[in-house]
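**Q** Structure file start15.cif (mmCIF, C-alpha atoms) right here:
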```
data_query
loop_
_atom_site.label_atom_id
_atom_site.label_comp_id
_atom_site.auth_asym_id
_atom_site.auth_seq_id
_atom_site.Cartn_x
_atom_site.Cartn_y
_atom_site.Cartn_z
CA MET F 1 -59.22 48.14 -6.95
CA ASP F 2 -59.34 49.99 -3.60
CA ASP F 3 -60.13 53.69 -3.25
CA GLU F 4 -56.53 54.72 -2.66
CA GLY F 5 -55.36 52.93 -5.79
CA ALA F 6 -58.17 54.54 -7.77
CA ALA F 7 -57.22 57.99 -6.55
CA ALA F 8 -53.57 57.43 -7.37
CA ARG F 9 -54.32 56.31 -10.93
CA ALA F 10 -57.28 58.53 -11.79
CA GLY F 11 -55.98 61.77 -10.47
CA GLY F 12 -53.89 60.93 -7.55
CA ARG F 13 -50.55 62.28 -8.69
CA LEU F 14 -50.96 64.89 -6.06
CA PRO F 15 -48.38 67.03 -4.34
CA GLY F 16 -46.77 65.29 -1.37
CA ASP F 17 -48.95 65.19 1.71
CA PRO F 18 -47.45 66.50 4.98
CA VAL F 19 -45.99 63.96 7.34
CA PRO F 20 -45.44 64.11 11.11
CA ASP F 21 -42.56 66.42 11.98
CA PRO F 22 -39.61 65.05 13.94
CA GLY F 23 -39.53 68.14 16.14
CA LEU F 24 -39.74 68.60 19.89
CA GLY F 25 -42.64 66.88 21.59
CA LEU F 26 -44.38 65.62 18.48
CA GLY F 27 -45.43 62.25 19.81
CA ASP F 28 -49.07 63.03 20.43
CA GLU F 29 -49.91 65.95 18.16
CA THR F 30 -49.15 66.33 14.49
CA PRO F 31 -50.35 68.65 11.74
CA PRO F 32 -53.44 67.44 9.89
CA VAL F 33 -52.81 65.03 7.04
CA PRO F 34 -54.93 64.83 3.86
CA PRO F 35 -56.94 61.64 3.68
CA SER F 36 -55.44 60.19 0.53
CA GLY F 37 -52.60 60.47 -1.93
CA PRO F 38 -49.28 58.85 -2.72
CA PRO F 39 -46.31 59.03 -0.35
CA PRO F 40 -44.60 62.43 -0.49
CA ARG F 41 -41.41 62.87 -2.44
CA ARG F 42 -38.64 63.48 0.05
CA ARG F 43 -36.43 66.52 -0.25
CA ALA F 44 -32.75 66.40 0.57
CA GLY F 45 -32.87 69.50 2.86
CA ARG F 46 -36.00 68.51 4.79
CA PRO F 47 -34.28 66.88 7.85
CA PHE F 48 -32.02 69.93 8.25
CA VAL F 49 -34.97 72.32 8.17
CA HIS F 50 -36.81 70.42 10.89
CA ALA F 51 -33.68 70.32 13.04
CA LEU F 52 -33.00 74.05 12.59
CA PRO F 53 -34.71 75.29 15.83
CA VAL F 54 -32.67 72.83 17.89
CA LEU F 55 -29.47 73.84 16.09
CA LEU F 56 -30.20 77.51 16.73
CA ILE F 57 -30.58 76.85 20.46
CA VAL F 58 -27.37 74.79 20.63
CA VAL F 59 -25.37 77.39 18.71
CA ALA F 60 -26.76 80.19 20.90
CA ILE F 61 -25.83 78.35 24.12
CA LEU F 62 -22.28 77.66 22.88
CA TYR F 63 -21.94 81.29 21.82
CA ASP F 64 -22.95 82.52 25.30
CA ILE F 65 -20.62 80.05 27.03
CA PHE F 66 -17.50 80.88 25.05
CA THR F 67 -17.90 84.66 24.73
CA PRO F 68 -17.45 87.46 27.31
CA ARG F 69 -20.27 88.06 29.77
CA TYR F 70 -21.74 91.10 27.97
CA PHE F 71 -21.99 89.34 24.61
CA THR F 72 -25.42 87.86 23.87
CA ALA F 73 -26.94 85.42 21.39
CA GLY F 74 -30.40 86.99 21.77
CA PRO F 75 -31.22 86.99 18.02
CA LEU F 76 -30.59 83.23 17.81
CA TYR F 77 -32.80 82.55 20.83
CA THR F 78 -35.52 84.72 19.31
CA ALA F 79 -35.33 82.96 15.95
CA ALA F 80 -35.66 79.42 17.33
CA PRO F 81 -39.38 79.47 18.34
CA LEU F 82 -40.32 81.48 15.25
CA VAL F 83 -38.73 78.87 12.99
CA ALA F 84 -40.43 76.11 15.00
CA ALA F 85 -43.91 77.63 14.60
CA PRO F 86 -44.59 76.50 11.00
CA LEU F 87 -42.64 73.25 11.37
CA TYR F 88 -43.66 71.73 14.68
CA SER F 89 -46.91 70.92 16.46
CA ARG F 90 -48.34 73.30 19.05
CA ARG F 91 -46.70 71.32 21.81
CA GLY F 92 -43.39 71.21 19.97
CA THR F 93 -43.44 74.98 19.44
CA ALA F 94 -44.29 75.61 23.09
CA LEU F 95 -41.48 73.32 24.26
CA THR F 96 -39.06 75.12 21.96
CA GLY F 97 -40.05 78.44 23.56
CA VAL F 98 -39.71 77.01 27.08
CA ALA F 99 -36.29 75.55 26.22
CA VAL F 100 -35.11 78.94 24.96
CA VAL F 101 -36.34 80.83 28.03
CA VAL F 102 -34.82 78.29 30.43
CA ALA F 103 -31.49 78.39 28.57
CA VAL F 104 -31.35 82.19 28.69
CA ILE F 105 -32.19 82.30 32.40
CA GLY F 106 -29.57 79.64 33.21
CA LEU F 107 -26.84 81.37 31.22
CA GLN F 108 -27.64 84.79 32.67
CA LEU F 109 -27.47 83.35 36.18
CA GLY F 110 -24.20 81.66 35.35
CA LYS F 111 -22.71 84.91 34.06
CA GLY F 112 -24.20 86.91 36.92
CA VAL F 113 -25.94 89.40 34.64
CA ILE F 114 -29.59 88.51 35.20
CA HIS F 115 -30.11 91.56 37.45
CA TYR F 116 -29.04 94.00 34.73
CA VAL F 117 -31.73 95.92 32.84
CA ASP F 118 -30.43 94.86 29.44
CA SER F 119 -30.49 91.20 30.41
CA LEU F 120 -33.99 91.47 31.85
CA THR F 121 -35.21 93.23 28.69
CA GLU F 122 -33.67 90.50 26.54
CA LEU F 123 -35.37 87.81 28.62
CA ILE F 124 -38.79 89.50 28.35
CA THR F 125 -38.34 89.93 24.59
CA ILE F 126 -37.47 86.28 24.08
CA ALA F 127 -40.38 85.12 26.25
CA THR F 128 -42.78 87.36 24.30
CA VAL F 129 -41.55 85.99 20.98
CA ALA F 130 -41.99 82.45 22.30
CA VAL F 131 -45.65 83.17 23.15
CA LEU F 132 -46.21 84.78 19.74
CA ALA F 133 -44.68 81.70 18.08
CA VAL F 134 -47.34 79.51 19.71
CA LEU F 135 -50.05 81.84 18.38
CA VAL F 136 -48.49 81.74 14.90
CA ASN F 137 -48.45 77.95 15.08
CA GLY F 138 -52.21 77.98 15.76
CA MET F 139 -52.79 80.17 12.70
CA VAL F 140 -50.69 77.84 10.54
CA ARG F 141 -52.64 74.83 11.76
CA ARG F 142 -55.99 76.46 10.94
CA SER F 143 -54.74 77.35 7.46
CA SER F 144 -53.59 73.76 7.01
CA GLU F 145 -57.04 72.49 8.00
CA ARG F 146 -58.68 74.80 5.45
CA LEU F 147 -56.27 73.55 2.79
CA VAL F 148 -57.20 69.95 3.60
CA SER F 149 -60.88 70.88 3.23
CA VAL F 150 -60.22 72.48 -0.15
CA ARG F 151 -58.27 69.42 -1.28
CA GLU F 152 -61.12 67.12 -0.24
CA ILE F 153 -63.63 69.22 -2.19
CA ALA F 154 -61.34 69.25 -5.24
CA GLU F 155 -60.91 65.49 -5.05
CA ALA F 156 -64.66 65.01 -4.81
CA ALA F 157 -65.13 67.26 -7.85
CA GLN F 158 -62.55 65.26 -9.76
CA ARG F 159 -64.27 61.97 -9.00
CA ALA F 160 -67.61 63.43 -10.04
CA VAL F 161 -66.36 64.92 -13.33
CA LEU F 162 -63.71 62.30 -14.14
CA PRO F 163 -64.88 59.08 -12.49
CA GLN F 164 -62.45 56.21 -12.26
CA PRO F 165 -63.29 53.52 -14.84
CA ALA F 166 -63.25 49.86 -13.89
CA GLU F 167 -59.95 48.02 -14.28
CA ARG F 168 -61.57 45.59 -16.70
CA ILE F 169 -64.37 46.42 -19.15
CA ALA F 170 -65.66 43.86 -21.67
CA GLY F 171 -62.41 41.91 -21.35
CA PHE F 172 -60.14 44.93 -21.88
CA GLU F 173 -57.73 46.08 -19.16
CA ILE F 174 -58.08 49.82 -18.47
CA ALA F 175 -55.98 52.36 -16.57
CA VAL F 176 -56.09 56.15 -16.36
CA CYS F 177 -53.87 58.84 -14.84
CA TYR F 178 -54.30 62.58 -14.39
CA GLU F 179 -51.38 64.88 -13.55
CA ALA F 180 -52.29 68.52 -12.87
CA ALA F 181 -49.62 71.11 -13.66
CA GLN F 182 -50.81 73.45 -10.91
CA ALA F 183 -49.77 72.50 -7.41
CA ASP F 184 -52.60 71.15 -5.23
CA ALA F 185 -54.94 71.01 -8.24
CA PHE F 186 -56.89 67.83 -8.98
CA ILE F 187 -58.56 68.69 -12.24
CA GLY F 188 -58.19 71.12 -15.12
CA GLY F 189 -59.04 71.16 -18.79
CA ASP F 190 -57.96 67.63 -19.74
CA LEU F 191 -60.48 64.81 -19.84
CA TYR F 192 -60.94 61.10 -20.35
CA ALA F 193 -63.90 58.72 -20.30
CA VAL F 194 -64.60 55.06 -21.01
CA GLN F 195 -68.06 53.76 -21.92
CA ASP F 196 -69.14 50.25 -22.84
CA SER F 197 -71.91 50.00 -25.42
CA ALA F 198 -73.63 47.49 -27.67
CA ARG F 199 -71.15 48.30 -30.44
CA GLY F 200 -68.00 48.06 -28.34
CA VAL F 201 -66.01 49.89 -25.71
CA ARG F 202 -65.74 53.57 -26.60
CA LEU F 203 -63.05 55.90 -25.27
CA ILE F 204 -62.26 59.58 -25.37
CA VAL F 205 -59.26 61.64 -24.32
CA GLY F 206 -59.38 65.39 -24.86
CA ASP F 207 -58.01 68.80 -23.97
CA VAL F 208 -60.31 71.78 -23.50
CA ARG F 209 -58.98 75.17 -24.48
CA GLY F 210 -58.51 77.49 -21.52
CA LYS F 211 -58.01 77.14 -17.79
CA GLY F 212 -59.95 77.47 -14.58
CA MET F 213 -63.59 76.79 -13.88
CA GLY F 214 -64.61 77.55 -17.46
CA ALA F 215 -62.47 74.68 -18.68
CA VAL F 216 -63.80 72.37 -15.96
CA ALA F 217 -67.37 73.24 -16.99
CA ALA F 218 -66.54 72.42 -20.62
CA VAL F 219 -65.01 69.11 -19.50
CA ALA F 220 -68.27 68.23 -17.76
CA VAL F 221 -70.23 69.08 -20.94
CA VAL F 222 -67.99 66.95 -23.18
CA ILE F 223 -67.98 63.93 -20.87
CA GLY F 224 -71.73 64.10 -20.29
CA ALA F 225 -72.40 64.31 -24.03
CA PHE F 226 -69.92 61.52 -24.74
CA ARG F 227 -71.49 59.07 -22.29
CA GLU F 228 -74.93 59.66 -23.74
CA ALA F 229 -73.76 59.53 -27.35
CA ALA F 230 -71.62 56.43 -26.80
CA GLU F 231 -74.73 54.55 -25.68
CA GLN F 232 -77.05 55.82 -28.39
CA GLU F 233 -75.11 56.49 -31.58
CA ALA F 234 -74.50 53.72 -34.11
CA THR F 235 -71.07 54.91 -35.27
CA LEU F 236 -68.03 56.62 -33.78
CA GLU F 237 -68.41 59.39 -36.36
CA ALA F 238 -71.90 60.10 -35.04
CA VAL F 239 -70.51 60.30 -31.51
CA ALA F 240 -68.04 62.97 -32.66
CA GLN F 241 -70.84 64.96 -34.30
CA ARG F 242 -72.90 64.72 -31.12
CA LEU F 243 -70.01 66.24 -29.16
CA GLU F 244 -69.67 68.97 -31.78
CA ARG F 245 -73.30 69.97 -31.29
CA ALA F 246 -73.01 69.85 -27.49
CA LEU F 247 -70.04 72.24 -27.53
CA ALA F 248 -71.82 74.53 -29.97
CA ARG F 249 -74.73 74.78 -27.52
CA GLU F 250 -72.32 75.42 -24.66
CA GLY F 251 -70.62 78.18 -26.65
CA THR F 252 -73.86 80.10 -27.02
CA ARG F 253 -74.19 80.22 -23.23
CA ARG F 254 -70.75 81.74 -22.72
CA ASP F 255 -69.86 85.40 -22.78
CA GLY F 256 -66.69 87.01 -24.06
CA LEU F 257 -63.81 85.35 -25.88
CA ASP F 258 -64.78 81.76 -25.07
CA ALA F 259 -68.09 82.20 -26.88
CA PHE F 260 -66.18 82.53 -30.15
CA GLU F 261 -62.88 80.71 -29.67
CA GLY F 262 -63.63 77.82 -27.33
CA PHE F 263 -62.73 74.37 -28.65
CA THR F 264 -61.64 70.92 -27.53
CA THR F 265 -59.06 68.68 -29.16
CA ALA F 266 -60.01 65.04 -28.75
CA VAL F 267 -59.36 61.53 -29.96
CA LEU F 268 -62.18 58.99 -29.85
CA ALA F 269 -61.64 55.25 -30.09
CA GLU F 270 -63.95 52.26 -30.43
CA LEU F 271 -62.99 48.70 -29.54
CA PRO F 272 -65.57 46.36 -31.08
CA HIS F 273 -66.49 43.28 -29.07
CA GLY F 274 -64.78 40.12 -30.30
CA ASP F 275 -62.90 41.97 -33.05
CA GLY F 276 -59.15 42.51 -33.05
CA THR F 277 -59.35 46.07 -34.36
CA VAL F 278 -59.68 49.62 -33.08
CA ARG F 279 -61.48 52.49 -34.80
CA ILE F 280 -60.22 56.02 -34.23
CA VAL F 281 -61.59 59.49 -34.92
CA ASN F 282 -59.05 62.26 -34.30
CA ARG F 283 -60.19 65.86 -33.92
CA GLY F 284 -56.96 67.84 -33.83
CA HIS F 285 -55.41 65.80 -31.02
CA PRO F 286 -51.98 64.15 -30.61
CA PRO F 287 -52.10 60.68 -32.22
CA PRO F 288 -52.43 57.62 -29.96
CA LEU F 289 -49.60 55.14 -29.60
CA LEU F 290 -50.02 51.41 -30.11
CA LEU F 291 -47.58 49.35 -28.03
CA HIS F 292 -47.25 45.73 -29.13
CA GLY F 293 -46.48 42.83 -26.86
CA ASP F 294 -42.95 42.47 -28.28
CA GLY F 295 -41.92 46.04 -27.36
CA THR F 296 -42.44 47.59 -30.79
CA LEU F 297 -44.69 50.61 -31.00
CA GLY F 298 -45.87 53.27 -33.37
CA PRO F 299 -48.21 56.25 -33.58
CA LEU F 300 -51.64 56.08 -35.17
CA PRO F 301 -51.83 59.46 -36.94
CA ALA F 302 -54.96 60.62 -38.72
CA HIS F 303 -54.67 60.33 -42.49
CA GLU F 304 -57.12 63.19 -42.92
CA SER F 305 -56.82 66.32 -40.79
CA ALA F 306 -59.88 67.47 -38.87
CA LEU F 307 -60.69 70.54 -36.81
CA PRO F 308 -61.04 70.28 -33.03
CA LEU F 309 -64.49 69.89 -31.55
CA GLY F 310 -66.36 73.16 -31.21
CA MET F 311 -64.94 74.73 -34.38
CA GLY F 312 -67.61 73.49 -36.78
CA GLU F 313 -68.52 77.02 -37.83
CA LEU F 314 -65.15 77.33 -39.61
CA GLY F 315 -65.87 74.48 -42.00
CA VAL F 316 -67.52 71.10 -42.34
CA TRP F 317 -65.50 67.96 -42.97
CA PRO F 318 -67.20 64.59 -42.51
CA ASP F 319 -65.64 62.50 -39.76
CA ARG F 320 -64.14 59.23 -40.98
CA ALA F 321 -63.12 56.57 -38.49
CA GLU F 322 -59.83 54.89 -39.32
CA GLU F 323 -59.53 51.22 -38.47
CA VAL F 324 -56.27 49.48 -37.52
CA ALA F 325 -55.38 46.10 -36.10
CA PHE F 326 -55.36 45.80 -32.31
CA PRO F 327 -53.91 42.35 -31.58
CA GLY F 328 -53.89 40.51 -28.29
CA GLY F 329 -51.17 41.65 -25.90
CA ALA F 330 -51.08 45.15 -27.43
CA THR F 331 -51.81 48.35 -25.48
CA LEU F 332 -53.40 51.49 -26.86
CA LEU F 333 -52.12 54.69 -25.21
CA LEU F 334 -54.12 57.91 -25.51
CA TYR F 335 -52.73 61.12 -23.98
CA THR F 336 -52.98 64.90 -23.99
CA ASP F 337 -50.27 67.32 -25.07
CA GLY F 338 -49.13 67.82 -21.48
CA LEU F 339 -47.11 64.66 -22.07
CA THR F 340 -45.34 65.73 -25.26
CA GLU F 341 -44.91 69.37 -24.17
CA ALA F 342 -43.08 68.55 -20.94
CA ARG F 343 -39.57 70.03 -21.22
CA ASP F 344 -36.32 69.31 -19.47
CA ALA F 345 -33.77 71.87 -18.27
CA LYS F 346 -32.39 72.19 -21.82
CA GLY F 347 -35.84 72.90 -23.26
CA GLU F 348 -36.16 69.53 -25.00
CA PHE F 349 -39.67 68.09 -25.28
CA TYR F 350 -40.56 64.69 -23.88
CA ASP F 351 -40.78 62.02 -26.61
CA PRO F 352 -42.97 59.13 -25.43
CA GLN F 353 -42.29 57.10 -28.56
CA ALA F 354 -38.53 57.15 -27.99
CA ARG F 355 -38.87 56.58 -24.24
CA LEU F 356 -41.19 53.58 -24.53
CA ALA F 357 -39.59 51.85 -27.51
CA GLY F 358 -38.47 48.32 -26.72
CA ARG F 359 -40.21 48.18 -23.35
CA VAL F 360 -42.93 45.74 -22.33
CA PHE F 361 -45.46 46.43 -19.59
CA PRO F 362 -47.60 43.66 -18.07
CA HIS F 363 -50.54 45.93 -17.29
CA PRO F 364 -51.77 49.39 -18.42
CA ALA F 365 -51.44 50.69 -14.87
CA THR F 366 -47.75 49.76 -14.86
CA LEU F 367 -47.30 51.61 -18.14
CA LEU F 368 -48.94 54.77 -16.81
CA ASP F 369 -47.10 54.70 -13.48
CA THR F 370 -43.78 54.37 -15.30
CA LEU F 371 -44.67 57.03 -17.84
CA ALA F 372 -45.85 59.57 -15.26
CA GLU F 373 -42.72 59.11 -13.15
CA ASP F 374 -40.50 59.42 -16.21
CA VAL F 375 -42.21 62.67 -17.23
CA ARG F 376 -41.73 64.09 -13.74
CA ARG F 377 -38.03 63.29 -13.86
CA HIS F 378 -37.72 64.75 -17.35
CA SER F 379 -39.40 68.02 -16.41
CA GLY F 380 -37.89 68.28 -12.94
CA GLY F 381 -41.36 68.13 -11.41
CA GLY F 382 -42.43 71.40 -13.06
CA MET F 383 -44.91 70.49 -15.78
CA ALA F 384 -46.22 73.34 -17.92
CA ASP F 385 -49.60 71.78 -18.70
CA ASP F 386 -52.01 69.21 -17.32
CA MET F 387 -51.56 65.64 -18.54
CA ALA F 388 -54.24 62.99 -18.95
CA LEU F 389 -53.32 59.41 -19.85
CA LEU F 390 -55.55 56.48 -20.77
CA ALA F 391 -54.24 53.03 -21.60
CA VAL F 392 -56.25 49.99 -22.68
CA ARG F 393 -54.78 46.54 -23.23
CA ARG F 394 -56.33 43.72 -25.19
CA PRO F 395 -55.31 40.52 -23.36
CA ARG F 396 -53.96 37.63 -25.35
CA ARG F 397 -56.44 34.83 -25.88
CA ALA F 398 -54.64 32.60 -23.36
CA ASP F 399 -54.75 35.37 -20.74
CA HIS F 400 -58.43 36.01 -21.46
CA ASP F 401 -59.30 32.31 -21.14
CA HIS F 402 -57.34 32.09 -17.90
CA CYS F 403 -59.25 35.08 -16.45
CA ASP F 404 -62.55 33.42 -17.38
CA GLU F 405 -61.73 30.20 -15.51
CA PRO F 406 -63.70 29.68 -12.28
#
```
Please express what this file holds, its structure, as structure tokens.
**A**
Amino acid sequence: MDDEGAAARAGGRLPGDPVPDPGLGLGDETPPVPPSGPPPRRRAGRPFVHALPVLLIVVAILYDIFTPRYFTAGPLYTAAPLVAAPLYSRRGTALTGVAVVVAVIGLQLGKGVIHYVDSLTELITIATVAVLAVLVNGMVRRSSERLVSVREIAEAAQRAVLPQPAERIAGFEIAVCYEAAQADAFIGGDLYAVQDSARGVRLIVGDVRGKGMGAVAAVAVVIGAFREAAEQEATLEAVAQRLERALAREGTRRDGLDAFEGFTTAVLAELPHGDGTVRIVNRGHPPPLLLHGDGTLGPLPAHESALPLGMGELGVWPDRAEEVAFPGGATLLLYTDGLTEARDAKGEFYDPQARLAGRVFPHPATLLDTLAEDVRRHSGGGMADDMALLAVRRPRRADHDHCDEP
């Protein structure tokens, strides 16, 4: 899988990147474009906005032509370069200002009023605004470059904390997706990780309480502890206990409210090698969904409730992994509550079980792409919480044999 595909699936559901503007003189200079990300979602009013400076000039010229000589469209001429400044390139903004000044001079000469003080003052004002618009455009471009730098740093942090797993691990097909609720954010308090071990492929999807850098730090702690425990611990229950102890240590290093109330909901899964089952430990997290190859699906709820990770001081309940069949052609979907808490305009929550029932997806990546797009449509693009998705498919025996052929 190439880097762009990895970014799109691991955390690449990013806000639309800017595209070259169809303004005046944009052929050789365009605003900076972030290095990666999916194509931007087009907005219905975008072409009109980019054409607005030209429309203002045309309307102003027509107004001056068809009105008496002492009427003026000065405000429209003034507005045109100011509107162009954040939309066009530096050259496009400058050409807009030149076009305005030339139009005003030509119309004043045609009306024979260029020698009047009021007309001269208007011309100087418009020329000054045109120069200021070019300066504003430079400021906007520098801010855009800083934003690109911040986005690159955030993307690098995401790849370091939430690395993209391989598409195929121990014969299983894997796909992940991260959708941040905050615009231009790449990572928050949701997490996922996949680790192969001697006892099978182990997975985790979780949601850290809180926001901001504190949540990101907790994500790093959980994932680091999970990768180490997944390699060393003999059982999935022991992995969960290892994470519990890691969060307890982290809590002692924190000050304030998080030192007492920090926790992480998580679901851990284990896919034994050569065994058509999956073992699950759920620590206060939404239950996974198991999608069968014939379109039927169902949740895998925990039969015994358990506290989230990091709340061990409130009580001790032994973790018990629950084992269910995981046949060939089936897909296991793990997700955070950003999926089920997405609301539409009527306030109705998104129901993945109802939305996915009866549908068949050839690959986990297809499932996640479809699901993420459906959630965006449901919520109108305004998600209230981050959303992490992890899907793993056990190929049918025939598919597995075919993949193994030279």
**Q** Taking the file as I've supplied it (selection: the PyMOL selection byres ((chain F and resi 99) around 12)), which residues are included? Please answer as a PyMOL selection string.
**A** chain F and resi 24-25+53-54+56-58+60-61+77-78+80-81+84+92-98+100-106+126-127+130
**Q** List the residues matched by the PyMOL selection byres ((chain F and resi 284) around 9) in the displayed structure as a ChimeraX atom specification, ordered by chain and then by residue number.
**A** /F:264-267,282-283,285-287,302,305-309
**Q** For CA of Ala79 (chain F) and CA of Ser119 (chain F), quote the distance in Å rounded to one decimal.
**A** 17.3 Å
**Q** CA of His363 (chain F) to CA of Leu332 (chain F): how many Å, to one decimal?
**A**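 The value is 11.4 Å.
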**Q** Which of these residues is nearest to Asp275 (chain F), using all atoms listed in the file: F:Ala170, F:Ala321, F:Met383, F:Val222?
**A**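 Nearest to Asp275 (chain F): F:Ala170.
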**Q** Record the distance separating CA of Lys111 (chain F) and CA of Leu76 (chain F), expressed in Å with one decimal.
**A** 18.1 Å
**Q** Residues of region 203-302 of chain F that have any atom at most 9 Å from an atom of region 345-361 of chain F: could you tabulate them with the shortest-distance atom pair and the distance in Å to one decimal, using all atoms listed in the file, ordered by chain and increasing number, as a tab-separated table?
**A**
```
residue	atom	partner	partner_atom	distance
F:Leu289	CA	F:Gln353	CA	7.6
F:Leu291	CA	F:Val360	CA	8.2
F:His292	CA	F:Val360	CA	8.1
F:Gly293	CA	F:Val360	CA	6.4
F:Asp294	CA	F:Val360	CA	6.8
F:Gly295	CA	F:Gly358	CA	4.2
F:Thr296	CA	F:Gly358	CA	5.7
F:Leu297	CA	F:Ala357	CA	6.3
F:Gly298	CA	F:Gln353	CA	7.1
F:Pro299	CA	F:Gln353	CA	7.8
```
**Q** With the file shown as input, list the residues that the PyMOL selection byres ((chain F and resi 238) around 12) selects, as number ranges by chain.
**A** F: 225-226, 228-237, 239-245, 268, 281, 318-321
**Q** Within 7 Å of region 190-198 of chain F, counting only C-alpha atoms, which residues qualify if same-chain residues fewer than 3 places away don't, as JSON, numbers by chain?
**A** {"F": [162, 165, 201, 202, 203, 204, 205, 206, 207, 208, 219, 223, 227, 230, 231, 386, 387, 388]}
**Q** Would you compute the box with edges along x, y and z of the file around region 375-383 of chain F, including every atom the file lists for it and 5 Å extra on each side, and give its centre and edge lengths in Å to one decimal, as lines of an AutoDock Vina configuration file?
**A**
```
center_x = -41.3
center_y = 67.0
center_z = -14.4
size_x = 17.2
size_y = 18.7
size_z = 15.9
```
